[in-house]
>>> print(open('target_11.txt').read())   # compact mmCIF, C-alpha atoms
# COMPACT_ATOMS: atom_id res chain seq x y z
CA MET G 101 118.84 110.13 36.89
CA ASN G 102 116.11 108.38 34.88
CA THR G 103 116.61 105.26 36.99
CA ILE G 104 116.03 107.23 40.19
CA ILE G 105 112.87 108.92 38.85
CA THR G 106 111.53 105.59 37.59
CA THR G 107 112.19 103.95 40.98
CA MET G 108 110.38 106.77 42.82
CA LEU G 109 107.37 106.56 40.48
CA VAL G 110 107.16 102.78 40.91
CA ALA G 111 107.39 103.14 44.69
CA LEU G 112 104.58 105.72 44.70
CA VAL G 113 102.36 103.52 42.53
CA VAL G 114 103.01 100.48 44.72
CA ALA G 115 102.29 102.50 47.89
CA PHE G 116 99.05 103.80 46.36
CA LEU G 117 97.91 100.33 45.35
CA LEU G 118 98.75 98.92 48.79
CA GLY G 119 96.77 101.71 50.42
CA VAL G 120 93.75 100.98 48.23
CA LEU G 121 93.99 97.24 48.93
CA LEU G 122 94.28 97.81 52.68
CA GLY G 123 91.21 100.05 52.57
CA LEU G 124 89.26 97.38 50.70
CA PHE G 125 90.36 94.64 53.10
CA LYS G 126 89.33 96.79 56.05
CA LYS G 127 85.82 97.17 54.64
CA ILE G 128 85.49 93.56 53.55
CA PHE G 129 86.70 92.04 56.82
CA ALA G 130 85.39 94.71 59.19
CA VAL G 131 83.70 93.35 62.33
CA GLN G 132 80.36 94.98 62.94
CA VAL G 133 80.14 96.35 66.49
CA ASP G 134 76.84 96.85 68.24
CA PRO G 135 76.60 100.63 68.85
CA LYS G 136 75.10 99.84 72.26
CA VAL G 137 78.38 98.23 73.32
CA GLN G 138 80.37 101.43 72.77
CA ALA G 139 77.63 103.55 74.32
CA ILE G 140 77.62 101.37 77.44
CA GLN G 141 81.39 101.32 77.67
CA ASP G 142 81.48 105.11 77.47
CA VAL G 143 79.39 105.48 80.65
CA LEU G 144 81.23 102.83 82.72
CA SER G 145 83.76 103.77 85.38
CA GLY G 146 86.74 102.79 83.23
CA GLY G 147 88.47 101.21 86.19
CA ASN G 148 88.76 97.75 84.60
CA CYS G 149 88.62 96.45 88.18
CA GLY G 150 86.94 93.15 87.36
CA GLY G 151 84.36 93.60 90.09
CA CYS G 152 81.65 92.85 87.53
CA GLY G 153 83.10 89.40 86.95
CA TYR G 154 84.50 90.20 83.51
CA ALA G 155 88.06 90.90 82.33
CA GLY G 156 87.42 94.61 81.91
CA CYS G 157 84.94 97.32 81.00
CA ALA G 158 84.88 96.42 77.30
CA ALA G 159 84.05 92.78 78.00
CA PHE G 160 81.39 93.78 80.51
CA ALA G 161 79.81 96.26 78.06
CA ALA G 162 79.59 93.56 75.39
CA ALA G 163 78.04 91.14 77.88
CA VAL G 164 75.44 93.69 78.97
CA ALA G 165 74.51 94.54 75.39
CA SER G 166 74.01 90.84 74.60
CA GLY G 167 71.95 90.26 77.73
CA GLU G 168 74.55 88.02 79.38
CA ALA G 169 75.34 90.44 82.23
CA PRO G 170 73.06 92.59 84.40
CA ALA G 171 72.84 96.29 83.64
CA ASN G 172 73.68 97.12 87.26
CA GLY G 173 76.78 94.92 87.32
CA CYS G 174 79.34 97.76 87.37
CA VAL G 175 80.07 97.87 91.09
CA ALA G 176 82.65 100.62 90.63
CA GLY G 177 80.10 102.90 88.99
CA GLY G 178 77.32 102.21 91.47
CA PRO G 179 73.77 103.56 91.12
CA SER G 180 74.63 106.47 88.80
CA VAL G 181 76.29 104.27 86.17
CA ALA G 182 73.53 101.66 86.48
CA ALA G 183 70.97 104.35 85.70
CA LYS G 184 72.91 105.49 82.61
CA VAL G 185 73.24 101.93 81.33
CA GLY G 186 69.51 101.50 81.89
CA GLU G 187 68.80 104.57 79.75
CA ILE G 188 70.87 103.11 76.91
CA LEU G 189 69.01 99.81 77.15
CA GLY G 190 65.65 101.48 77.64
CA VAL G 191 64.98 99.79 80.98
CA SER G 192 64.70 100.88 84.59
CA VAL G 193 67.77 99.84 86.59
CA SER G 194 68.64 100.24 90.25
CA ALA G 195 71.86 99.44 92.06
CA GLN G 196 73.27 99.58 95.58
CA LYS G 197 76.70 101.01 96.35
CA LYS G 198 79.00 98.41 97.88
CA VAL G 199 82.01 98.69 100.19
CA THR G 200 84.43 96.35 101.91
CA VAL G 201 84.74 95.63 105.64
CA LEU G 202 87.81 94.08 107.29
CA ALA G 203 86.95 91.45 109.90
CA CYS G 204 90.11 91.74 111.98
CA LYS G 205 91.32 94.11 114.72
CA GLY G 206 94.59 92.29 115.28
CA THR G 207 96.95 95.26 115.31
CA THR G 208 100.58 94.97 116.33
CA GLY G 209 99.52 96.12 119.80
CA CYS G 210 96.81 93.44 120.16
CA ALA G 211 97.98 90.36 118.28
CA VAL G 212 101.12 88.46 119.33
CA SER G 213 103.73 88.13 116.60
CA ARG G 214 104.77 84.65 115.45
CA GLY G 215 108.38 85.81 115.21
CA THR G 216 110.73 87.20 112.57
CA TYR G 217 109.69 86.30 109.03
CA ASN G 218 112.50 86.38 106.48
CA GLY G 219 110.61 85.24 103.39
CA ILE G 220 108.94 87.13 100.56
CA LYS G 221 107.11 90.09 102.05
CA THR G 222 103.62 89.40 100.76
CA CYS G 223 100.59 88.15 102.64
CA ALA G 224 100.16 85.24 100.25
CA ALA G 225 103.76 84.09 100.62
CA ALA G 226 103.83 84.43 104.40
CA ALA G 227 100.49 82.65 104.75
CA GLN G 228 101.71 79.76 102.63
CA ALA G 229 105.14 79.54 104.24
CA VAL G 230 104.39 79.96 107.96
CA ASN G 231 100.59 80.41 108.12
CA GLY G 232 100.87 84.14 108.70
CA THR G 233 102.94 86.48 110.83
CA LYS G 234 100.87 86.24 114.01
CA LEU G 235 100.11 83.45 116.47
CA CYS G 236 96.47 83.92 115.52
CA SER G 237 96.50 81.98 112.26
CA PHE G 238 93.22 83.64 111.23
CA GLY G 239 94.45 87.22 111.57
CA CYS G 240 95.68 89.84 109.11
CA VAL G 241 99.19 89.04 107.85
CA GLY G 242 99.95 92.73 107.43
CA TYR G 243 102.00 92.94 104.24
CA GLY G 244 99.37 94.78 102.24
CA ASP G 245 98.39 92.47 99.38
CA CYS G 246 94.99 94.16 99.60
CA VAL G 247 96.62 97.57 99.19
CA GLU G 248 98.41 96.46 96.02
CA ALA G 249 95.23 94.86 94.65
CA CYS G 250 92.96 97.90 95.13
CA PRO G 251 92.60 99.76 91.80
CA PHE G 252 90.97 102.77 93.47
CA ASP G 253 93.63 103.65 96.06
CA ALA G 254 91.03 103.02 98.77
CA ILE G 255 93.16 100.90 101.13
CA HIS G 256 96.35 101.82 102.96
CA MET G 257 98.33 100.05 105.66
CA GLY G 258 97.91 101.70 109.02
CA LYS G 259 100.78 102.33 111.42
CA ASP G 260 99.31 99.64 113.67
CA GLY G 261 99.87 96.92 111.07
CA ILE G 262 96.40 96.36 109.60
CA PRO G 263 94.72 97.85 106.51
CA VAL G 264 92.59 100.99 106.72
CA VAL G 265 89.77 101.48 104.21
CA ASP G 266 89.00 104.93 102.79
CA TYR G 267 85.23 104.70 102.37
CA LYS G 268 85.11 107.84 100.23
CA LYS G 269 87.03 105.90 97.57
CA CYS G 270 85.96 102.30 98.15
CA VAL G 271 83.49 100.94 95.59
CA GLY G 272 83.25 97.35 96.80
CA CYS G 273 84.91 95.88 93.70
CA GLY G 274 86.11 92.89 95.72
CA LYS G 275 89.76 92.96 94.60
CA CYS G 276 90.94 93.16 98.21
CA ALA G 277 88.77 90.21 99.19
CA LYS G 278 90.28 88.09 96.42
CA ALA G 279 93.84 89.13 97.30
CA CYS G 280 93.58 88.44 101.04
CA PRO G 281 94.81 84.89 101.79
CA LYS G 282 92.96 84.89 105.12
CA LYS G 283 89.63 85.94 103.55
CA LEU G 284 89.16 88.80 105.99
CA PHE G 285 87.25 91.19 103.71
CA SER G 286 83.50 91.10 103.15
CA ILE G 287 81.62 93.11 100.51
CA VAL G 288 78.49 94.71 101.98
CA ASP G 289 75.89 97.34 101.10
CA ALA G 290 77.20 100.82 101.88
CA ASP G 291 74.01 101.69 103.76
CA ARG G 292 74.09 98.63 106.01
CA LYS G 293 73.39 99.29 109.68
CA GLY G 294 73.80 96.99 112.64
CA ALA G 295 76.41 95.10 114.63
CA VAL G 296 79.32 93.30 112.98
CA ALA G 297 81.99 91.01 114.42
CA LEU G 298 85.48 92.29 113.61
CA CYS G 299 87.16 88.93 114.11
CA SER G 300 87.55 85.86 111.91
CA ASN G 301 89.02 83.39 114.40
CA HIS G 302 86.99 80.18 114.03
CA SER G 303 89.01 78.21 116.58
CA ASP G 304 87.25 76.92 119.70
CA ASN G 305 90.46 77.02 121.78
CA LYS G 306 89.44 79.89 124.06
CA PRO G 307 92.65 80.11 126.14
CA ALA G 308 94.79 80.27 122.99
CA ILE G 309 92.55 82.92 121.41
CA LYS G 310 92.83 85.10 124.51
CA LYS G 311 96.58 84.56 124.72
CA ASN G 312 97.25 85.27 121.05
CA CYS G 313 95.03 88.32 120.56
CA SER G 314 93.47 90.63 123.13
CA VAL G 315 90.59 91.49 120.80
CA GLY G 316 89.81 87.99 119.55
CA CYS G 317 86.35 86.48 119.90
CA ILE G 318 86.44 83.89 122.72
CA LYS G 319 83.05 82.38 121.81
CA CYS G 320 81.50 83.29 125.17
CA GLY G 321 78.09 83.86 123.60
CA ILE G 322 77.28 86.92 125.70
CA CYS G 323 76.30 88.84 122.57
CA VAL G 324 73.77 86.14 121.70
CA ARG G 325 72.22 86.18 125.17
CA LYS G 326 72.19 89.97 125.55
CA CYS G 327 70.62 90.78 122.17
CA PRO G 328 67.03 91.94 122.85
CA GLN G 329 66.06 91.26 119.23
CA LYS G 330 67.46 87.70 119.27
CA CYS G 331 69.18 88.40 115.98
CA ILE G 332 72.67 87.03 116.74
CA GLU G 333 73.90 83.46 116.58
CA LEU G 334 77.34 81.92 116.59
CA ILE G 335 78.17 80.38 113.22
CA ASN G 336 81.55 78.64 112.99
CA GLY G 337 82.50 80.44 116.17
CA ILE G 338 81.77 83.95 114.89
CA PRO G 339 78.72 86.09 115.84
CA ALA G 340 76.47 86.37 112.78
CA VAL G 341 73.83 89.11 112.72
CA ASP G 342 70.41 89.03 111.11
CA TYR G 343 70.27 92.57 109.75
CA SER G 344 66.56 92.39 109.11
CA LYS G 345 66.10 92.35 112.90
CA CYS G 346 69.10 94.30 114.24
CA THR G 347 68.21 97.79 115.54
CA SER G 348 71.76 98.97 116.32
CA CYS G 349 70.87 99.10 120.03
CA LYS G 350 74.52 98.30 120.93
CA GLU G 351 73.56 95.90 123.72
CA CYS G 352 75.82 93.23 122.24
CA ILE G 353 78.64 95.72 121.73
CA ASN G 354 78.50 96.93 125.31
CA ALA G 355 78.35 93.37 126.64
CA CYS G 356 81.28 91.95 124.60
CA PRO G 357 84.27 91.54 126.97
CA ASP G 358 86.84 91.85 124.20
CA LYS G 359 85.11 94.55 122.14
CA VAL G 360 84.89 92.31 119.11
CA LEU G 361 81.61 93.82 117.94
CA ALA G 362 81.01 97.26 116.46
CA LEU G 363 78.28 99.00 114.51
CA VAL G 364 79.05 98.59 110.84
CA GLN G 365 77.93 102.17 110.16
CA ASP G 366 80.54 103.37 112.64
CA VAL G 367 83.22 101.27 110.93
CA MET G 368 82.36 102.90 107.60
CA ALA G 369 82.14 106.43 109.04
>>> encode(input="target_11.txt", output="structure tokens")
Amino acid sequence: MNTIITTMLVALVVAFLLGVLLGLFKKIFAVQVDPKVQAIQDVLSGGNCGGCGYAGCAAFAAAVASGEAPANGCVAGGPSVAAKVGEILGVSVSAQKKVTVLACKGTTGCAVSRGTYNGIKTCAAAAQAVNGTKLCSFGCVGYGDCVEACPFDAIHMGKDGIPVVDYKKCVGCGKCAKACPKKLFSIVDADRKGAVALCSNHSDNKPAIKKNCSVGCIKCGICVRKCPQKCIELINGIPAVDYSKCTSCKECINACPDKVLALVQDVMA
């Protein structure tokens, strides 16, 4: 009995001493954290989406507090979070909400299929193996890598085979743009207005474009000639719009024979 009591007492003493030593080590080797870092992290979106360019919200908060990252860098939080971060830093901060736009209308009813694909059902794999699932090698592959990449549940695959963006949820984090092997997504200001080309086919083979996709840009240049503001030019075969001049008059949209162009504000509606 005495042996048992002695063992218990020794164990309690050892446990107490270990606890004291651990407490001392914690104080001695404690890493001092800038209170601004925690304050900033507390007002961030918490999405850890990486849209700010950092590994997560904690890393971004530390970078902002040290002056290495801009206070309005949290794209997921937008203007409201930027304002809160500014208050913590004691500076005035503004930010613009961002969203993503898909530059492809090649649905299953418009774009001709390349054939049966039996490989791994991801856009990246299909693009690498057979250059996509459609004869238009620039078009949406359709396996939803962008859907899987979106941390905000803002993209879903439509029944017609191309992604659909929910602009009530989209924050323009850019995850979809990074995941898309065809680089079909662009991150733009949410309040942008004007015409946009919903095609990414840079080929100059007009007959093949028309044959492979009924809504592909055939580089006819009618949009350039019809624009009363002279704010459109073909760059790498795709109509590019100068939004400082565009008035959303829709002359280019009405003139386009394949309905490649649309008002970006209508796309985001």
>>> atom_distance(input="target_11.txt", atom1="atom CA of G:Val199", atom2="atom CA of G:Tyr267")
7.2 Å
>>> atom_distance(input="target_11.txt", atom1="atom CA of G:Phe285", atom2="atom CA of G:Asp245")
12.0 Å
>>> closest_residue(input="target_11.txt", among="G:Gly244, G:Gly186, G:Pro328, G:Gly321", to="G:Thr347", atoms="only C-alpha atoms")
G:Pro328
>>> residues_near_point(input="target_11.txt", point="(80.1, 94.0, 125.2)", cutoff="12 Å", atoms="all atoms listed in the file", output="JSON, numbers by chain")
{"G": [295, 297, 315, 317, 320, 321, 322, 323, 324, 325, 326, 327, 349, 350, 351, 352, 353, 354, 355, 356, 357, 358, 359, 360, 361, 362, 363]}
>>> atom_distance(input="target_11.txt", atom1="atom CA of G:Ser237", atom2="atom CA of G:Ala290")
28.9 Å
>>> closest_residue(input="target_11.txt", among="G:Asn218, G:Thr106, G:Asn301, G:Ser344", to="G:Ala203", atoms="all atoms listed in the file")
G:Asn301
>>> closest_residue(input="target_11.txt", among="G:Ser192, G:Val264, G:Val364, G:Val185", to="G:Val288", atoms="all atoms listed in the file")
G:Val364
>>> closest_residue(input="target_11.txt", among="G:Gly316, G:Gly206, G:Pro179, G:Gly151", to="G:Lys234", atoms="all atoms listed in the file")
G:Gly206
>>> residues_around(input="target_11.txt", residues="G:Ala254", least_positions_apart="5", cutoff="8 Å", atoms="all atoms listed in the file", output="PyMOL selection string")
chain G and resi 247+265-270
>>> residues_around(input="target_11.txt", residues="G:Ser286", least_positions_apart="4", cutoff="7 Å", atoms="all atoms listed in the file", output="number ranges by chain")
G: 200-202, 277
>>> residues_around(input="target_11.txt", residues="G:Gly147", least_positions_apart="3", cutoff="8 Å", atoms="all atoms listed in the file", output="JSON, numbers by chain")
{"G": [156, 157, 176, 251, 252]}
>>> residues_around(input="target_11.txt", residues="G:Ser180", least_positions_apart="2", cutoff="12 Å", atoms="all atoms listed in the file", output="number ranges by chain")
G: 143-145, 171-178, 182-187, 193-197
>>> residues_around(input="target_11.txt", residues="G:Cys223", least_positions_apart="3", cutoff="8 Å", atoms="only C-alpha atoms", output="NGL selection string")
:G and (226-227 or 232 or 241-245 or 280-281)
>>> closest_residue(input="target_11.txt", among="G:Ile255, G:Ala165, G:Ile188, G:Cys236", to="G:Ala211", atoms="only C-alpha atoms")
G:Cys236
>>> closest_residue(input="target_11.txt", among="G:Ala279, G:Leu122, G:Cys204, G:Lys259", to="G:Thr222", atoms="all atoms listed in the file")
G:Ala279
>>> decode(input="target_11.txt", residues="stretch 170-309 of chain G", atoms="C-alpha atoms", output="PDB file, in the first residue's frame")
ATOM      1  CA  PRO G 170      -2.306  46.616 -49.815  1.00  0.00           C
ATOM      2  CA  ALA G 171      -5.117  47.183 -47.343  1.00  0.00           C
ATOM      3  CA  ASN G 172      -7.694  46.664 -50.090  1.00  0.00           C
ATOM      4  CA  GLY G 173      -6.200  43.353 -51.239  1.00  0.00           C
ATOM      5  CA  CYS G 174      -8.984  41.119 -49.900  1.00  0.00           C
ATOM      6  CA  VAL G 175     -10.983  40.634 -53.088  1.00  0.00           C
ATOM      7  CA  ALA G 176     -13.452  38.340 -51.358  1.00  0.00           C
ATOM      8  CA  GLY G 177     -14.321  41.005 -48.800  1.00  0.00           C
ATOM      9  CA  GLY G 178     -14.590  43.841 -51.284  1.00  0.00           C
ATOM     10  CA  PRO G 179     -15.151  47.484 -50.312  1.00  0.00           C
ATOM     11  CA  SER G 180     -16.650  46.793 -46.865  1.00  0.00           C
ATOM     12  CA  VAL G 181     -13.670  44.745 -45.659  1.00  0.00           C
ATOM     13  CA  ALA G 182     -11.221  47.229 -47.188  1.00  0.00           C
ATOM     14  CA  ALA G 183     -12.867  50.007 -45.184  1.00  0.00           C
ATOM     15  CA  LYS G 184     -12.585  48.005 -41.941  1.00  0.00           C
ATOM     16  CA  VAL G 185      -8.920  47.223 -42.572  1.00  0.00           C
ATOM     17  CA  GLY G 186      -8.368  50.911 -43.248  1.00  0.00           C
ATOM     18  CA  GLU G 187      -9.897  51.806 -39.884  1.00  0.00           C
ATOM     19  CA  ILE G 188      -7.508  49.421 -38.128  1.00  0.00           C
ATOM     20  CA  LEU G 189      -4.538  50.931 -39.944  1.00  0.00           C
ATOM     21  CA  GLY G 190      -5.818  54.478 -39.535  1.00  0.00           C
ATOM     22  CA  VAL G 191      -5.887  55.179 -43.276  1.00  0.00           C
ATOM     23  CA  SER G 192      -8.559  55.796 -45.886  1.00  0.00           C
ATOM     24  CA  VAL G 193      -8.998  52.770 -48.154  1.00  0.00           C
ATOM     25  CA  SER G 194     -11.225  52.180 -51.150  1.00  0.00           C
ATOM     26  CA  ALA G 195     -11.818  49.009 -53.137  1.00  0.00           C
ATOM     27  CA  GLN G 196     -13.813  47.854 -56.142  1.00  0.00           C
ATOM     28  CA  LYS G 197     -15.842  44.642 -56.132  1.00  0.00           C
ATOM     29  CA  LYS G 198     -14.617  42.185 -58.749  1.00  0.00           C
ATOM     30  CA  VAL G 199     -16.353  39.380 -60.633  1.00  0.00           C
ATOM     31  CA  THR G 200     -15.453  36.837 -63.286  1.00  0.00           C
ATOM     32  CA  VAL G 201     -16.680  36.689 -66.891  1.00  0.00           C
ATOM     33  CA  LEU G 202     -16.514  33.586 -69.102  1.00  0.00           C
ATOM     34  CA  ALA G 203     -15.408  34.328 -72.666  1.00  0.00           C
ATOM     35  CA  CYS G 204     -17.053  31.362 -74.353  1.00  0.00           C
ATOM     36  CA  LYS G 205     -20.580  30.580 -75.580  1.00  0.00           C
ATOM     37  CA  GLY G 206     -19.678  27.180 -76.980  1.00  0.00           C
ATOM     38  CA  THR G 207     -22.543  25.150 -75.556  1.00  0.00           C
ATOM     39  CA  THR G 208     -23.236  21.574 -76.607  1.00  0.00           C
ATOM     40  CA  GLY G 209     -25.779  22.973 -79.060  1.00  0.00           C
ATOM     41  CA  CYS G 210     -23.311  25.403 -80.674  1.00  0.00           C
ATOM     42  CA  ALA G 211     -19.873  23.804 -80.555  1.00  0.00           C
ATOM     43  CA  VAL G 212     -19.123  20.556 -82.411  1.00  0.00           C
ATOM     44  CA  SER G 213     -17.825  17.752 -80.202  1.00  0.00           C
ATOM     45  CA  ARG G 214     -14.390  16.292 -80.910  1.00  0.00           C
ATOM     46  CA  GLY G 215     -15.709  12.808 -80.148  1.00  0.00           C
ATOM     47  CA  THR G 216     -15.916  10.458 -77.175  1.00  0.00           C
ATOM     48  CA  TYR G 217     -13.296  11.169 -74.529  1.00  0.00           C
ATOM     49  CA  ASN G 218     -12.463   8.227 -72.272  1.00  0.00           C
ATOM     50  CA  GLY G 219      -9.747   9.792 -70.136  1.00  0.00           C
ATOM     51  CA  ILE G 220      -9.802  11.463 -66.731  1.00  0.00           C
ATOM     52  CA  LYS G 221     -12.876  13.690 -66.575  1.00  0.00           C
ATOM     53  CA  THR G 222     -11.216  16.991 -65.770  1.00  0.00           C
ATOM     54  CA  CYS G 223     -10.683  19.986 -68.007  1.00  0.00           C
ATOM     55  CA  ALA G 224      -6.946  19.965 -67.348  1.00  0.00           C
ATOM     56  CA  ALA G 225      -6.574  16.288 -68.246  1.00  0.00           C
ATOM     57  CA  ALA G 226      -8.714  16.503 -71.381  1.00  0.00           C
ATOM     58  CA  ALA G 227      -6.936  19.649 -72.544  1.00  0.00           C
ATOM     59  CA  GLN G 228      -3.551  18.000 -72.117  1.00  0.00           C
ATOM     60  CA  ALA G 229      -4.559  14.673 -73.645  1.00  0.00           C
ATOM     61  CA  VAL G 230      -6.640  15.701 -76.678  1.00  0.00           C
ATOM     62  CA  ASN G 231      -6.642  19.531 -76.579  1.00  0.00           C
ATOM     63  CA  GLY G 232     -10.188  19.674 -75.257  1.00  0.00           C
ATOM     64  CA  THR G 233     -13.503  18.000 -75.974  1.00  0.00           C
ATOM     65  CA  LYS G 234     -14.583  20.238 -78.857  1.00  0.00           C
ATOM     66  CA  LEU G 235     -13.272  20.855 -82.366  1.00  0.00           C
ATOM     67  CA  CYS G 236     -12.777  24.452 -81.292  1.00  0.00           C
ATOM     68  CA  SER G 237      -9.521  24.016 -79.402  1.00  0.00           C
ATOM     69  CA  PHE G 238     -10.049  27.380 -77.676  1.00  0.00           C
ATOM     70  CA  GLY G 239     -13.469  26.553 -76.221  1.00  0.00           C
ATOM     71  CA  CYS G 240     -14.685  25.452 -72.803  1.00  0.00           C
ATOM     72  CA  VAL G 241     -13.813  21.804 -72.116  1.00  0.00           C
ATOM     73  CA  GLY G 242     -16.894  21.409 -69.947  1.00  0.00           C
ATOM     74  CA  TYR G 243     -15.776  19.189 -67.068  1.00  0.00           C
ATOM     75  CA  GLY G 244     -16.076  21.866 -64.406  1.00  0.00           C
ATOM     76  CA  ASP G 245     -12.568  22.422 -63.041  1.00  0.00           C
ATOM     77  CA  CYS G 246     -13.721  25.986 -62.395  1.00  0.00           C
ATOM     78  CA  VAL G 247     -16.678  24.694 -60.368  1.00  0.00           C
ATOM     79  CA  GLU G 248     -14.394  22.605 -58.160  1.00  0.00           C
ATOM     80  CA  ALA G 249     -11.961  25.503 -57.735  1.00  0.00           C
ATOM     81  CA  CYS G 250     -14.539  28.100 -56.654  1.00  0.00           C
ATOM     82  CA  PRO G 251     -14.496  28.450 -52.840  1.00  0.00           C
ATOM     83  CA  PHE G 252     -17.714  30.480 -52.814  1.00  0.00           C
ATOM     84  CA  ASP G 253     -20.050  28.095 -54.655  1.00  0.00           C
ATOM     85  CA  ALA G 254     -20.504  30.786 -57.313  1.00  0.00           C
ATOM     86  CA  ILE G 255     -20.078  28.601 -60.421  1.00  0.00           C
ATOM     87  CA  HIS G 256     -22.150  25.649 -61.579  1.00  0.00           C
ATOM     88  CA  MET G 257     -22.170  23.665 -64.803  1.00  0.00           C
ATOM     89  CA  GLY G 258     -25.186  24.471 -66.923  1.00  0.00           C
ATOM     90  CA  LYS G 259     -27.240  21.841 -68.722  1.00  0.00           C
ATOM     91  CA  ASP G 260     -25.824  23.159 -71.990  1.00  0.00           C
ATOM     92  CA  GLY G 261     -22.281  22.155 -71.060  1.00  0.00           C
ATOM     93  CA  ILE G 262     -20.658  25.445 -70.044  1.00  0.00           C
ATOM     94  CA  PRO G 263     -20.240  27.071 -66.608  1.00  0.00           C
ATOM     95  CA  VAL G 264     -22.801  29.524 -65.248  1.00  0.00           C
ATOM     96  CA  VAL G 265     -21.662  32.219 -62.801  1.00  0.00           C
ATOM     97  CA  ASP G 266     -23.868  33.257 -59.877  1.00  0.00           C
ATOM     98  CA  TYR G 267     -23.005  36.941 -59.604  1.00  0.00           C
ATOM     99  CA  LYS G 268     -24.663  37.254 -56.203  1.00  0.00           C
ATOM    100  CA  LYS G 269     -21.934  34.978 -54.838  1.00  0.00           C
ATOM    101  CA  CYS G 270     -18.962  35.704 -57.105  1.00  0.00           C
ATOM    102  CA  VAL G 271     -16.243  37.854 -55.522  1.00  0.00           C
ATOM    103  CA  GLY G 272     -13.696  37.786 -58.333  1.00  0.00           C
ATOM    104  CA  CYS G 273     -11.116  35.793 -56.370  1.00  0.00           C
ATOM    105  CA  GLY G 274      -9.653  34.412 -59.595  1.00  0.00           C
ATOM    106  CA  LYS G 275      -9.622  30.737 -58.598  1.00  0.00           C
ATOM    107  CA  CYS G 276     -11.687  29.807 -61.654  1.00  0.00           C
ATOM    108  CA  ALA G 277      -9.353  31.723 -63.945  1.00  0.00           C
ATOM    109  CA  LYS G 278      -6.355  29.827 -62.570  1.00  0.00           C
ATOM    110  CA  ALA G 279      -8.113  26.458 -62.847  1.00  0.00           C
ATOM    111  CA  CYS G 280      -9.307  26.882 -66.445  1.00  0.00           C
ATOM    112  CA  PRO G 281      -6.741  25.330 -68.843  1.00  0.00           C
ATOM    113  CA  LYS G 282      -8.138  27.377 -71.736  1.00  0.00           C
ATOM    114  CA  LYS G 283      -7.872  30.698 -69.842  1.00  0.00           C
ATOM    115  CA  LEU G 284     -11.481  31.619 -70.567  1.00  0.00           C
ATOM    116  CA  PHE G 285     -12.204  33.618 -67.403  1.00  0.00           C
ATOM    117  CA  SER G 286     -11.400  37.296 -66.933  1.00  0.00           C
ATOM    118  CA  ILE G 287     -11.629  39.201 -63.641  1.00  0.00           C
ATOM    119  CA  VAL G 288     -13.345  42.572 -64.127  1.00  0.00           C
ATOM    120  CA  ASP G 289     -14.880  45.363 -62.061  1.00  0.00           C
ATOM    121  CA  ALA G 290     -18.427  44.480 -61.047  1.00  0.00           C
ATOM    122  CA  ASP G 291     -19.699  47.856 -62.243  1.00  0.00           C
ATOM    123  CA  ARG G 292     -18.154  47.594 -65.705  1.00  0.00           C
ATOM    124  CA  LYS G 293     -20.423  48.591 -68.577  1.00  0.00           C
ATOM    125  CA  GLY G 294     -19.921  48.137 -72.288  1.00  0.00           C
ATOM    126  CA  ALA G 295     -19.568  45.469 -74.958  1.00  0.00           C
ATOM    127  CA  VAL G 296     -17.565  42.295 -74.417  1.00  0.00           C
ATOM    128  CA  ALA G 297     -16.607  39.495 -76.801  1.00  0.00           C
ATOM    129  CA  LEU G 298     -17.748  36.113 -75.481  1.00  0.00           C
ATOM    130  CA  CYS G 299     -15.295  34.130 -77.572  1.00  0.00           C
ATOM    131  CA  SER G 300     -11.607  33.283 -77.158  1.00  0.00           C
ATOM    132  CA  ASN G 301     -10.861  31.726 -80.548  1.00  0.00           C
ATOM    133  CA  HIS G 302      -7.660  33.380 -81.783  1.00  0.00           C
ATOM    134  CA  SER G 303      -7.438  31.332 -84.985  1.00  0.00           C
ATOM    135  CA  ASP G 304      -7.619  33.141 -88.329  1.00  0.00           C
ATOM    136  CA  ASN G 305      -9.113  30.100 -90.103  1.00  0.00           C
ATOM    137  CA  LYS G 306     -12.577  31.550 -90.684  1.00  0.00           C
ATOM    138  CA  PRO G 307     -14.174  28.523 -92.403  1.00  0.00           C
ATOM    139  CA  ALA G 308     -13.038  26.213 -89.584  1.00  0.00           C
ATOM    140  CA  ILE G 309     -14.292  28.619 -86.902  1.00  0.00           C
TER     141      ILE G 309
END
